[in-house]
>>> print(open('protein.txt').read())   # compact mmCIF, C-alpha atoms
# COMPACT_ATOMS: atom_id res chain seq x y z
CA MET A 208 288.35 237.23 98.15
CA VAL A 209 285.49 239.71 97.69
CA SER A 210 285.27 241.32 94.25
CA GLU A 211 284.81 245.08 94.01
CA LYS A 212 281.37 244.51 92.50
CA GLU A 213 280.28 242.28 95.38
CA HIS A 214 281.65 244.70 97.95
CA ASN A 215 279.70 247.55 96.40
CA GLU A 216 276.49 245.64 97.00
CA TRP A 217 276.87 246.47 100.67
CA LYS A 218 275.12 249.69 101.66
CA ARG A 219 275.46 252.11 104.53
CA VAL A 220 271.89 252.91 105.55
CA LYS A 221 269.95 254.69 108.26
CA LEU A 222 268.26 252.09 110.43
CA GLY A 223 264.98 254.02 110.48
CA ASP A 224 264.62 253.66 106.72
CA TYR A 225 264.10 249.92 107.23
CA VAL A 226 263.05 249.53 110.86
CA ASN A 227 260.58 251.18 113.21
CA LEU A 228 261.32 251.21 116.94
CA ARG A 229 258.15 251.31 119.04
CA GLY A 230 258.09 251.94 122.78
CA GLY A 231 256.04 250.08 125.34
CA ASN A 232 253.04 251.16 127.36
CA ALA A 233 253.16 252.99 130.72
CA PHE A 234 251.33 250.30 132.69
CA LYS A 235 250.36 251.50 136.17
CA SER A 236 252.05 249.90 139.16
CA ILE A 237 248.65 249.73 140.84
CA ASP A 238 247.70 247.16 138.17
CA PHE A 239 250.68 244.86 138.84
CA GLU A 240 249.66 241.41 140.02
CA GLU A 241 251.26 238.10 140.99
CA ASN A 242 249.59 236.21 138.15
CA GLY A 243 248.36 236.97 134.65
CA VAL A 244 250.30 238.10 131.59
CA PRO A 245 253.99 238.87 132.32
CA LEU A 246 255.25 242.40 131.73
CA LEU A 247 258.61 242.93 130.08
CA LYS A 248 260.61 245.54 131.98
CA ILE A 249 264.23 246.58 131.42
CA ALA A 250 265.34 244.35 134.32
CA ASN A 251 263.93 241.31 132.48
CA ILE A 252 266.31 241.73 129.51
CA ARG A 253 269.37 239.62 130.32
CA ASN A 254 272.19 237.97 128.37
CA SER A 255 270.60 238.80 125.01
CA GLY A 256 267.44 237.01 126.12
CA ILE A 257 264.41 237.36 128.37
CA ASP A 258 264.41 236.35 132.05
CA LEU A 259 260.95 236.43 133.64
CA GLU A 260 261.89 234.85 136.97
CA HIS A 261 261.17 238.04 138.92
CA CYS A 262 258.68 239.74 136.61
CA VAL A 263 255.37 241.40 137.45
CA TYR A 264 252.07 240.54 135.82
CA ILE A 265 249.08 242.32 134.31
CA SER A 266 245.57 240.86 134.49
CA ASP A 267 244.18 239.11 131.42
CA GLU A 268 241.52 241.81 131.15
CA ILE A 269 244.00 244.70 131.03
CA ALA A 270 246.24 242.69 128.70
CA THR A 271 243.34 242.23 126.28
CA THR A 272 242.62 245.98 126.18
CA ASN A 273 246.33 246.59 125.50
CA SER A 274 246.81 243.78 122.98
CA SER A 275 248.76 246.08 120.64
CA TYR A 276 251.64 245.83 123.15
CA LEU A 277 251.77 242.04 123.06
CA LEU A 278 255.11 240.79 121.74
CA SER A 279 255.71 237.97 119.25
CA GLU A 280 258.29 235.22 118.95
CA GLY A 281 261.52 236.56 117.46
CA ASN A 282 260.89 240.19 118.44
CA ILE A 283 264.08 242.10 119.27
CA VAL A 284 263.74 244.42 122.27
CA ILE A 285 266.05 247.10 123.64
CA ALA A 286 266.41 249.00 126.96
CA MET A 287 265.97 252.73 126.39
CA SER A 288 266.90 254.21 129.78
CA GLY A 289 268.90 253.53 132.92
CA ALA A 290 272.35 252.14 133.54
CA THR A 291 271.84 249.32 131.03
CA THR A 292 270.55 251.48 128.17
CA GLY A 293 271.16 249.66 124.91
CA LYS A 294 271.04 246.08 126.15
CA THR A 295 269.00 243.89 123.85
CA GLY A 296 267.12 240.61 123.99
CA THR A 297 265.18 238.31 121.69
CA VAL A 298 261.73 237.02 122.61
CA LYS A 299 261.36 233.24 122.52
CA LYS A 300 258.19 231.17 122.21
CA GLU A 301 258.40 230.11 125.86
CA ASN A 302 258.31 233.79 126.94
CA LEU A 303 254.83 234.34 125.47
CA PRO A 304 252.38 235.85 126.10
CA LEU A 305 254.39 238.95 127.02
CA LEU A 306 253.51 242.65 127.25
CA LEU A 307 255.91 245.50 126.44
CA ASN A 308 256.43 248.04 129.24
CA GLN A 309 257.50 251.68 128.88
CA ARG A 310 261.20 252.48 128.27
CA VAL A 311 261.59 249.18 126.44
CA GLY A 312 261.46 249.33 122.65
CA VAL A 313 260.69 246.66 120.07
CA PHE A 314 262.13 246.70 116.53
CA ASN A 315 259.60 246.21 113.75
CA ILE A 316 261.08 245.59 110.31
CA GLU A 317 259.13 247.50 107.66
CA LYS A 318 261.02 246.15 104.65
CA ASP A 319 261.44 242.45 105.41
CA ASN A 320 262.51 241.79 101.83
CA LEU A 321 265.56 243.96 102.50
CA MET A 322 266.29 243.44 106.22
CA TYR A 323 266.54 239.98 107.80
CA GLN A 324 265.43 239.92 111.45
CA ASP A 325 268.19 237.64 112.74
CA TYR A 326 270.78 239.85 111.03
CA LEU A 327 269.28 242.88 112.80
CA LYS A 328 269.60 241.01 116.10
CA PHE A 329 273.37 240.85 115.74
CA VAL A 330 273.67 244.39 114.39
CA VAL A 331 272.11 245.83 117.56
CA GLN A 332 274.35 243.60 119.71
CA SER A 333 277.50 244.79 117.95
CA THR A 334 280.15 246.86 119.72
CA TYR A 335 279.74 249.64 117.16
CA PHE A 336 275.98 249.92 117.69
CA GLN A 337 276.27 249.73 121.48
CA ASN A 338 278.96 252.44 121.52
CA VAL A 339 276.75 254.79 119.51
CA ILE A 340 273.89 254.10 121.93
CA LYS A 341 276.09 254.94 124.93
CA VAL A 342 277.25 258.23 123.39
CA ASP A 343 273.73 259.27 122.38
CA ALA A 344 272.26 258.29 125.77
CA ILE A 345 274.59 260.54 127.76
CA GLY A 346 273.26 263.97 128.65
CA GLY A 347 271.23 263.70 131.84
CA ALA A 348 271.49 262.34 135.34
CA GLN A 349 270.22 259.03 133.99
CA PRO A 350 271.10 257.59 130.56
CA ASN A 351 268.17 257.86 128.19
CA ILE A 352 267.67 257.44 124.45
CA SER A 353 264.71 257.94 122.15
CA SER A 354 263.34 255.84 119.30
CA LYS A 355 264.25 258.64 116.90
CA GLN A 356 267.89 258.59 118.03
CA ILE A 357 268.15 254.83 117.63
CA GLU A 358 266.47 254.90 114.22
CA SER A 359 268.99 257.54 113.07
CA ILE A 360 271.97 255.19 113.60
CA HIS A 361 273.66 254.16 110.36
CA VAL A 362 274.48 250.46 109.84
CA ASN A 363 275.90 248.19 107.17
CA LEU A 364 273.29 246.43 105.03
CA PRO A 365 274.48 243.61 102.76
CA PRO A 366 272.20 241.78 100.29
CA LEU A 367 269.50 239.68 101.97
CA LYS A 368 271.23 236.35 101.19
CA ASP A 369 274.44 237.61 102.80
CA GLN A 370 272.46 238.73 105.84
CA GLN A 371 271.03 235.23 106.15
CA LYS A 372 274.50 233.65 105.90
CA ILE A 373 275.96 235.99 108.51
CA ALA A 374 273.03 235.38 110.86
CA ALA A 375 273.35 231.60 110.43
CA ILE A 376 277.04 231.65 111.35
CA LEU A 377 276.58 233.88 114.39
CA SER A 378 273.49 231.92 115.46
CA SER A 379 275.52 228.70 115.43
CA VAL A 380 277.98 230.30 117.85
CA ASP A 381 275.07 231.55 119.98
CA GLU A 382 273.72 228.00 120.16
CA ALA A 383 277.12 226.73 121.32
CA ILE A 384 277.26 229.50 123.93
CA GLU A 385 273.77 228.65 125.17
CA LYS A 386 274.59 224.94 125.43
CA THR A 387 277.73 225.74 127.41
CA GLU A 388 275.75 228.02 129.73
CA GLN A 389 273.25 225.22 130.31
CA ILE A 390 276.06 222.81 131.18
CA ILE A 391 277.57 225.35 133.56
CA GLU A 392 274.20 225.93 135.23
CA GLN A 393 273.55 222.19 135.58
CA THR A 394 277.05 221.57 136.95
CA GLU A 395 276.68 224.43 139.43
CA THR A 396 273.44 222.85 140.65
CA VAL A 397 275.17 219.47 141.09
CA LYS A 398 278.08 221.12 142.91
CA LYS A 399 275.75 223.02 145.23
CA GLY A 400 273.81 219.86 146.10
CA LEU A 401 276.99 217.86 146.67
CA MET A 402 278.46 220.57 148.88
CA GLN A 403 275.25 220.75 150.90
CA GLN A 404 275.37 216.98 151.43
CA LEU A 405 279.09 216.73 152.23
CA LEU A 406 279.28 219.80 154.48
CA THR A 407 276.36 218.67 156.63
CA LYS A 408 276.41 214.85 156.48
CA GLY A 409 280.05 214.16 155.65
CA ILE A 410 281.30 210.93 154.07
CA GLY A 411 280.11 207.52 155.26
CA HIS A 412 278.62 208.55 158.63
CA THR A 413 275.75 206.55 160.15
CA GLU A 414 275.55 208.16 163.60
CA PHE A 415 274.54 211.76 164.14
CA LYS A 416 273.97 214.16 167.03
CA ASP A 417 272.19 217.45 167.64
CA SER A 418 274.19 220.68 167.81
CA PRO A 419 273.45 224.41 168.25
CA ILE A 420 273.46 224.79 164.44
CA GLY A 421 271.73 221.56 163.44
CA GLU A 422 272.38 217.85 163.22
CA ILE A 423 275.99 216.80 162.58
CA PRO A 424 277.91 213.49 162.36
CA GLU A 425 278.77 212.08 165.80
CA LYS A 426 282.52 212.59 165.27
CA TRP A 427 282.24 216.19 164.10
CA SER A 428 282.52 219.27 166.30
CA ILE A 429 281.14 222.80 166.34
CA VAL A 430 283.76 225.57 166.38
CA LYS A 431 283.86 229.32 165.96
CA LEU A 432 285.78 230.53 162.92
CA GLY A 433 288.04 232.52 165.25
CA GLU A 434 289.27 229.25 166.74
CA ILE A 435 290.69 227.97 163.45
CA LEU A 436 291.65 231.15 161.60
CA GLU A 437 292.73 234.75 162.06
CA VAL A 438 290.92 237.48 160.11
CA SER A 439 293.18 240.24 158.75
CA TYR A 440 292.59 243.48 156.85
CA GLY A 441 293.87 244.15 153.37
CA LYS A 442 295.97 247.24 152.66
CA ASP A 443 295.99 250.15 150.19
CA GLN A 444 297.36 248.82 146.89
CA LYS A 445 298.63 252.14 145.50
CA LYS A 446 302.00 251.64 147.15
CA VAL A 447 302.56 248.28 145.50
CA GLU A 448 301.03 248.63 142.03
CA SER A 449 303.47 247.79 139.28
CA GLU A 450 303.33 247.29 135.52
CA GLU A 451 305.97 244.59 135.88
CA GLY A 452 304.54 242.84 138.95
CA ASN A 453 302.96 239.39 138.79
CA ILE A 454 301.38 239.23 142.25
CA PRO A 455 297.59 239.61 141.87
CA ILE A 456 295.91 242.46 143.73
CA LEU A 457 292.43 241.37 144.80
CA GLY A 458 289.31 243.47 145.24
CA THR A 459 285.79 242.29 146.08
CA GLY A 460 285.23 241.44 142.41
CA GLY A 461 288.49 239.58 141.81
CA ILE A 462 291.84 240.65 140.36
CA ILE A 463 292.13 244.42 139.87
CA GLY A 464 295.86 244.74 139.20
CA TYR A 465 299.30 243.36 139.95
CA ALA A 466 302.04 244.08 142.49
CA GLU A 467 305.73 243.26 142.84
CA LYS A 468 305.37 241.92 146.37
CA ALA A 469 302.80 239.87 148.27
CA LEU A 470 300.81 240.81 151.35
CA TYR A 471 300.30 237.14 152.19
CA SER A 472 301.78 233.95 150.73
CA GLU A 473 299.77 231.10 152.29
CA PRO A 474 296.50 229.65 150.94
CA SER A 475 293.68 231.89 152.12
CA VAL A 476 289.94 232.45 151.94
CA LEU A 477 288.89 236.06 151.36
CA ILE A 478 285.60 237.80 152.07
CA GLY A 479 284.42 241.37 151.49
CA ARG A 480 284.74 243.82 154.38
CA LYS A 481 282.72 246.56 152.65
CA GLY A 482 280.40 246.57 149.65
CA THR A 483 280.25 243.05 148.21
CA ILE A 484 280.28 240.92 151.36
CA ASP A 485 278.84 237.66 150.03
CA LYS A 486 281.35 236.57 147.35
CA PRO A 487 284.13 234.46 148.94
CA GLN A 488 287.37 234.05 147.01
CA TYR A 489 290.11 231.46 147.35
CA MET A 490 293.82 232.01 146.70
CA GLU A 491 296.55 229.37 146.86
CA GLU A 492 299.32 231.57 145.46
CA PRO A 493 300.85 234.75 147.00
CA PHE A 494 298.56 237.78 146.71
CA TRP A 495 297.89 241.33 147.81
CA THR A 496 294.42 242.48 148.78
CA ILE A 497 292.97 245.95 149.21
CA ASP A 498 291.32 247.10 152.43
CA THR A 499 287.76 246.33 151.31
CA LEU A 500 288.61 242.63 151.72
CA PHE A 501 289.47 240.44 154.68
CA TYR A 502 291.95 237.61 154.19
CA THR A 503 292.32 234.63 156.53
CA LYS A 504 295.39 233.16 158.17
CA ILE A 505 294.33 229.56 158.68
CA LYS A 506 295.63 227.34 161.46
CA LYS A 507 296.86 224.29 159.56
CA ASP A 508 296.31 221.87 162.43
CA PHE A 509 292.58 222.59 162.40
CA ALA A 510 291.42 223.24 158.86
CA VAL A 511 292.19 222.71 155.19
CA PRO A 512 291.99 226.11 153.40
CA LYS A 513 289.95 224.82 150.43
CA PHE A 514 287.49 223.15 152.81
CA LEU A 515 286.98 226.47 154.58
CA TYR A 516 286.37 228.10 151.21
CA TYR A 517 283.48 225.68 150.71
CA ILE A 518 282.20 226.53 154.20
CA PHE A 519 282.40 230.25 153.40
CA ASN A 520 280.29 229.65 150.29
CA MET A 521 277.56 228.07 152.43
CA ILE A 522 277.36 230.97 154.92
CA ASN A 523 274.59 233.55 154.51
CA TRP A 524 276.91 236.56 154.84
CA LYS A 525 274.14 239.13 154.48
CA LYS A 526 272.82 237.85 157.81
CA TYR A 527 275.96 239.26 159.43
CA ASN A 528 275.79 242.68 157.76
CA GLU A 529 276.40 245.38 160.37
CA ALA A 530 275.48 248.48 158.37
CA THR A 531 272.28 250.16 157.22
CA GLY A 532 274.04 251.80 154.26
CA VAL A 533 276.97 250.14 152.49
CA PRO A 534 277.04 246.46 153.57
CA SER A 535 279.94 245.68 155.90
CA LEU A 536 281.38 242.90 158.05
CA SER A 537 283.66 243.06 161.07
CA ALA A 538 286.51 240.71 161.92
CA ALA A 539 285.00 240.11 165.35
CA ASN A 540 281.64 239.15 163.89
CA ILE A 541 283.24 236.75 161.42
CA SER A 542 285.31 235.17 164.17
CA ASN A 543 282.17 234.39 166.19
CA ILE A 544 280.39 232.50 163.38
CA GLN A 545 279.90 228.84 164.29
CA ILE A 546 280.57 226.12 161.71
CA LYS A 547 280.43 222.31 161.49
CA LEU A 548 283.94 220.84 161.39
CA PRO A 549 285.14 217.28 160.59
CA ASN A 550 288.74 216.17 161.23
CA LEU A 551 291.51 217.05 158.76
CA SER A 552 291.41 213.66 157.05
CA GLU A 553 287.72 213.97 156.21
CA GLN A 554 288.14 217.59 155.16
CA ILE A 555 290.70 216.44 152.60
CA LYS A 556 288.35 213.70 151.34
CA ILE A 557 285.53 216.22 150.95
CA VAL A 558 287.80 218.57 148.99
CA GLU A 559 288.94 215.72 146.72
CA THR A 560 285.30 214.70 146.10
CA ILE A 561 284.33 218.20 144.96
CA LYS A 562 287.47 218.83 142.88
CA PRO A 563 286.35 216.98 139.71
CA ILE A 564 283.19 219.09 139.50
CA GLU A 565 285.22 222.27 139.98
CA HIS A 566 287.56 221.11 137.22
CA LYS A 567 284.59 220.57 134.89
CA LEU A 568 283.24 224.02 135.74
CA LYS A 569 286.63 225.60 135.04
CA ASN A 570 286.84 223.89 131.64
CA GLU A 571 283.29 224.93 130.71
CA ASP A 572 283.95 228.51 131.84
CA GLU A 573 287.06 228.63 129.66
CA LYS A 574 285.10 227.23 126.72
CA HIS A 575 282.36 229.81 127.31
CA ASN A 576 284.90 232.65 127.34
CA GLN A 577 286.47 231.36 124.12
CA LEU A 578 283.06 231.26 122.43
CA ILE A 579 282.27 234.80 123.55
CA LYS A 580 285.58 236.02 122.11
CA LEU A 581 284.93 234.04 118.92
CA LYS A 582 281.52 235.65 118.52
CA GLN A 583 282.92 239.15 119.11
CA GLY A 584 285.62 238.57 116.52
CA LEU A 585 283.19 237.16 113.98
CA MET A 586 280.76 240.03 114.47
CA GLN A 587 283.55 242.52 113.88
CA GLN A 588 284.57 240.76 110.67
CA LEU A 589 281.20 239.72 109.26
CA LEU A 590 279.06 242.76 110.06
CA THR A 591 281.58 245.07 108.39
CA GLY A 592 282.01 242.95 105.26
CA LYS A 593 285.73 242.50 105.90
CA VAL A 594 285.26 238.74 105.70
CA ARG A 595 282.69 236.84 103.66
CA VAL A 596 281.94 233.25 104.71
CA SER A 597 279.91 230.65 102.85
CA ILE A 598 276.94 229.09 104.64
CA ASP A 599 278.71 225.73 104.23
CA GLU A 600 281.54 226.97 106.44
CA VAL A 601 279.36 227.61 109.49
CA GLU A 602 280.52 224.58 111.47
CA GLU A 603 284.17 225.35 110.77
CA VAL A 604 284.12 228.46 112.97
CA LEU A 605 283.28 226.52 116.13
CA PRO A 606 286.15 225.37 118.40
>>> encode(input="protein.txt", output="structure tokens")
Amino acid sequence: MVSEKEHNEWKRVKLGDYVNLRGGNAFKSIDFEENGVPLLKIANIRNSGIDLEHCVYISDEIATTNSSYLLSEGNIVIAMSGATTGKTGTVKKENLPLLLNQRVGVFNIEKDNLMYQDYLKFVVQSTYFQNVIKVDAIGGAQPNISSKQIESIHVNLPPLKDQQKIAAILSSVDEAIEKTEQIIEQTETVKKGLMQQLLTKGIGHTEFKDSPIGEIPEKWSIVKLGEILEVSYGKDQKKVESEEGNIPILGTGGIIGYAEKALYSEPSVLIGRKGTIDKPQYMEEPFWTIDTLFYTKIKKDFAVPKFLYYIFNMINWKKYNEATGVPSLSAANISNIQIKLPNLSEQIKIVETIKPIEHKLKNEDEKHNQLIKLKQGLMQQLLTGKVRVSIDEVEEVLP
């Protein structure tokens, strides 16, 4: 329990009294290069970190003349305009050197004996802080927020030792999240490589032949998708929506609601008809799908549904886009796509070979989701002072 005296040590303060938010420089696009010092733009802030895979660069000479915009390890940065206004990231050693671009801000703590940087990192990630940002950023055609507005936000400030304890606990969860993400990424890479091998070379084949779409095992055939499945349109879900239904209604991004009756009850592979056309989905249970999705009625004598789902994941769907505006596919175009097809027995073997990796991915995804929920709950409790946890209890919060 927290004594009244201890609780009173917590203060409600204006962020700007302890922290200065400085914006980046308006580097000219004419100076962007393919090599040099990377430039941190809003698009490079991802998942509370920094992703420089698709960044632009500034020459060493220009970087030197703008050295005041060079970031340091541990710096907390925030997006100050656009659809992702408010998203934050922390600069790591491997990101350096790194220059700060315009519309990205960096927090500089002016009273480091009163504000702990890692505590600030979680404060600006909190739901409360992000909600204030969203409200303050509204007002124009494009969300936008100033340093002054962010500095005016009031936050809870416990004693420095408490800040360090809170940061240690939340950092331990962050580390667990990061490790799980690394496992997921590694497993996805293994799955992709295995699928590439199995869907082109099969299992145990030593003789191969040329085909219109590349080399295939001697016993395999080339077929058009229309020969082994029928492509059907989804239907408007408004007529079937129900608070009591348990039949999932699928959109291009997954489940969007539930219905009392099913549009189709057999295992099916689904693909976007409009909008998101490159994210196949697989359903074994009865489902309903809206009209932005195609669903497939698969001929059982020719193909195993899960095998076709793997095939769909290997197809470059954007290649078959028929629109200049919103991406779209047609049933006729899908039906004409040629694929490599083994017999049913080998299809089943391929599915069974991939299943263990899918099971591992599912378990890691569930663990990742649990850790995210754990972190959100802990932030709500610890950043408000509702719960006080000893530094010795850090490991006990992890599942």
>>> residues_around(input="protein.txt", residues="segment 410-415 of chain A", least_positions_apart="2", cutoff="6 Å", atoms="only C-alpha atoms", output="list in words")
Ile423, Pro424 and Glu425 of chain A
>>> closest_residue(input="protein.txt", among="A:Ser354, A:Thr459, A:Asn523, A:Thr531", to="Ile497 of chain A", atoms="all atoms listed in the file")
A:Thr459
>>> residues_around(input="protein.txt", residues="Ser353 of chain A", least_positions_apart="2", cutoff="12 Å", atoms="only C-alpha atoms", output="VMD selection string")
chain A and resid 227 to 230 285 to 288 292 to 293 309 to 312 340 343 to 345 350 to 351 355 to 360
>>> atom_distance(input="protein.txt", atom1="atom CA of Thr496 of chain A", atom2="atom CA of Gly441 of chain A")
4.9 Å
>>> closest_residue(input="protein.txt", among="A:Thr591, A:Ser266, A:Thr271, A:Gln554", to="Ile237 of chain A", atoms="only C-alpha atoms")
A:Ser266
>>> closest_residue(input="protein.txt", among="A:Leu222, A:Ile541, A:Ile522, A:Leu278", to="Leu246 of chain A", atoms="only C-alpha atoms")
A:Leu278
>>> atom_distance(input="protein.txt", atom1="atom CA of Leu457 of chain A", atom2="atom CA of Ile518 of chain A")
20.3 Å
>>> atom_distance(input="protein.txt", atom1="atom CA of Ile456 of chain A", atom2="atom CA of Ser535 of chain A")
20.3 Å
>>> closest_residue(input="protein.txt", among="A:Val438, A:Lys294, A:Asn315, A:Leu303", to="Asn282 of chain A", atoms="all atoms listed in the file")
A:Asn315
>>> closest_residue(input="protein.txt", among="A:Leu401, A:Ile544, A:Val380, A:Leu477", to="Met586 of chain A", atoms="only C-alpha atoms")
A:Val380
>>> residues_around(input="protein.txt", residues="Asn528 of chain A", least_positions_apart="3", cutoff="12 Å", atoms="all atoms listed in the file", output="list of chain:residue names")
A:Gly479, A:Arg480, A:Lys481, A:Gly482, A:Thr483, A:Ile484, A:Asp485, A:Asn523, A:Trp524, A:Lys525, A:Thr531, A:Gly532, A:Val533, A:Pro534, A:Ser535, A:Leu536, A:Ser537, A:Ala538, A:Asn540, A:Ile541
>>> residues_near_point(input="protein.txt", point="(279.2, 225.6, 169.7)", cutoff="8 Å", atoms="only C-alpha atoms", output="PyMOL selection string")
chain A and resi 418-420+428-431+545
>>> residues_near_point(input="protein.txt", point="(295.4, 228.8, 160.5)", cutoff="7 Å", atoms="only C-alpha atoms", output="VMD selection string")
chain A and resid 435 to 437 504 to 507
>>> residues_around(input="protein.txt", residues="Pro563 of chain A", least_positions_apart="4", cutoff="12 Å", atoms="only C-alpha atoms", output="list in words")
Thr394, Val397, Lys398, Leu401, Ile557, Val558, Glu559, Lys567, Leu568, Lys569 and Asn570 of chain A
>>> closest_residue(input="protein.txt", among="A:Gln588, A:Thr334, A:Asn543, A:Gln370", to="Leu321 of chain A", atoms="only C-alpha atoms")
A:Gln370
>>> residues_around(input="protein.txt", residues="Ile265 of chain A", least_positions_apart="3", cutoff="10 Å", atoms="all atoms listed in the file", output="ChimeraX atom specification")
/A:234-246,268-271,305-306
>>> decode(input="protein.txt", residues="segment 292-342 of chain A", atoms="C-alpha atoms", output="CSV table (one decimal), in the first residue's frame")
chain,number,residue,atom,x,y,z
A,292,THR,CA,1.3,12.6,-35.5
A,293,GLY,CA,2.4,11.6,-32.0
A,294,LYS,CA,4.2,8.4,-32.8
A,295,THR,CA,7.5,8.2,-30.9
A,296,GLY,CA,10.8,6.3,-31.2
A,297,THR,CA,14.1,6.0,-29.3
A,298,VAL,CA,17.4,6.3,-31.0
A,299,LYS,CA,19.8,3.4,-30.6
A,300,LYS,CA,23.6,3.3,-31.0
A,301,GLU,CA,23.3,1.3,-34.2
A,302,ASN,CA,21.2,4.1,-35.7
A,303,LEU,CA,24.0,6.7,-35.5
A,304,PRO,CA,25.1,9.0,-37.0
A,305,LEU,CA,21.6,10.3,-37.6
A,306,LEU,CA,20.3,13.8,-38.6
A,307,LEU,CA,16.9,15.2,-37.5
A,308,ASN,CA,14.6,16.3,-40.3
A,309,GLN,CA,11.8,18.9,-40.1
A,310,ARG,CA,8.5,17.9,-38.5
A,311,VAL,CA,10.2,15.5,-36.3
A,312,GLY,CA,11.0,16.7,-32.7
A,313,VAL,CA,13.5,15.5,-30.2
A,314,PHE,CA,13.0,15.8,-26.4
A,315,ASN,CA,15.9,17.4,-24.5
A,316,ILE,CA,15.6,17.0,-20.7
A,317,GLU,CA,16.7,20.3,-19.0
A,318,LYS,CA,16.4,19.0,-15.4
A,319,ASP,CA,17.9,15.5,-15.5
A,320,ASN,CA,18.1,15.4,-11.8
A,321,LEU,CA,14.3,15.6,-11.8
A,322,MET,CA,13.3,13.8,-15.0
A,323,TYR,CA,14.6,10.4,-16.0
A,324,GLN,CA,14.9,9.9,-19.8
A,325,ASP,CA,13.6,6.3,-19.9
A,326,TYR,CA,10.6,7.3,-17.7
A,327,LEU,CA,9.9,10.1,-20.3
A,328,LYS,CA,10.0,7.5,-23.0
A,329,PHE,CA,7.1,5.6,-21.6
A,330,VAL,CA,5.2,8.8,-20.6
A,331,VAL,CA,5.1,9.9,-24.3
A,332,GLN,CA,4.0,6.4,-25.4
A,333,SER,CA,1.1,6.3,-22.9
A,334,THR,CA,-2.5,6.3,-24.1
A,335,TYR,CA,-3.2,9.5,-22.1
A,336,PHE,CA,-0.3,11.4,-23.8
A,337,GLN,CA,-1.2,10.1,-27.3
A,338,ASN,CA,-4.8,11.0,-26.8
A,339,VAL,CA,-3.9,14.6,-25.9
A,340,ILE,CA,-1.7,14.8,-29.0
A,341,LYS,CA,-4.5,13.6,-31.2
A,342,VAL,CA,-6.9,16.2,-29.9
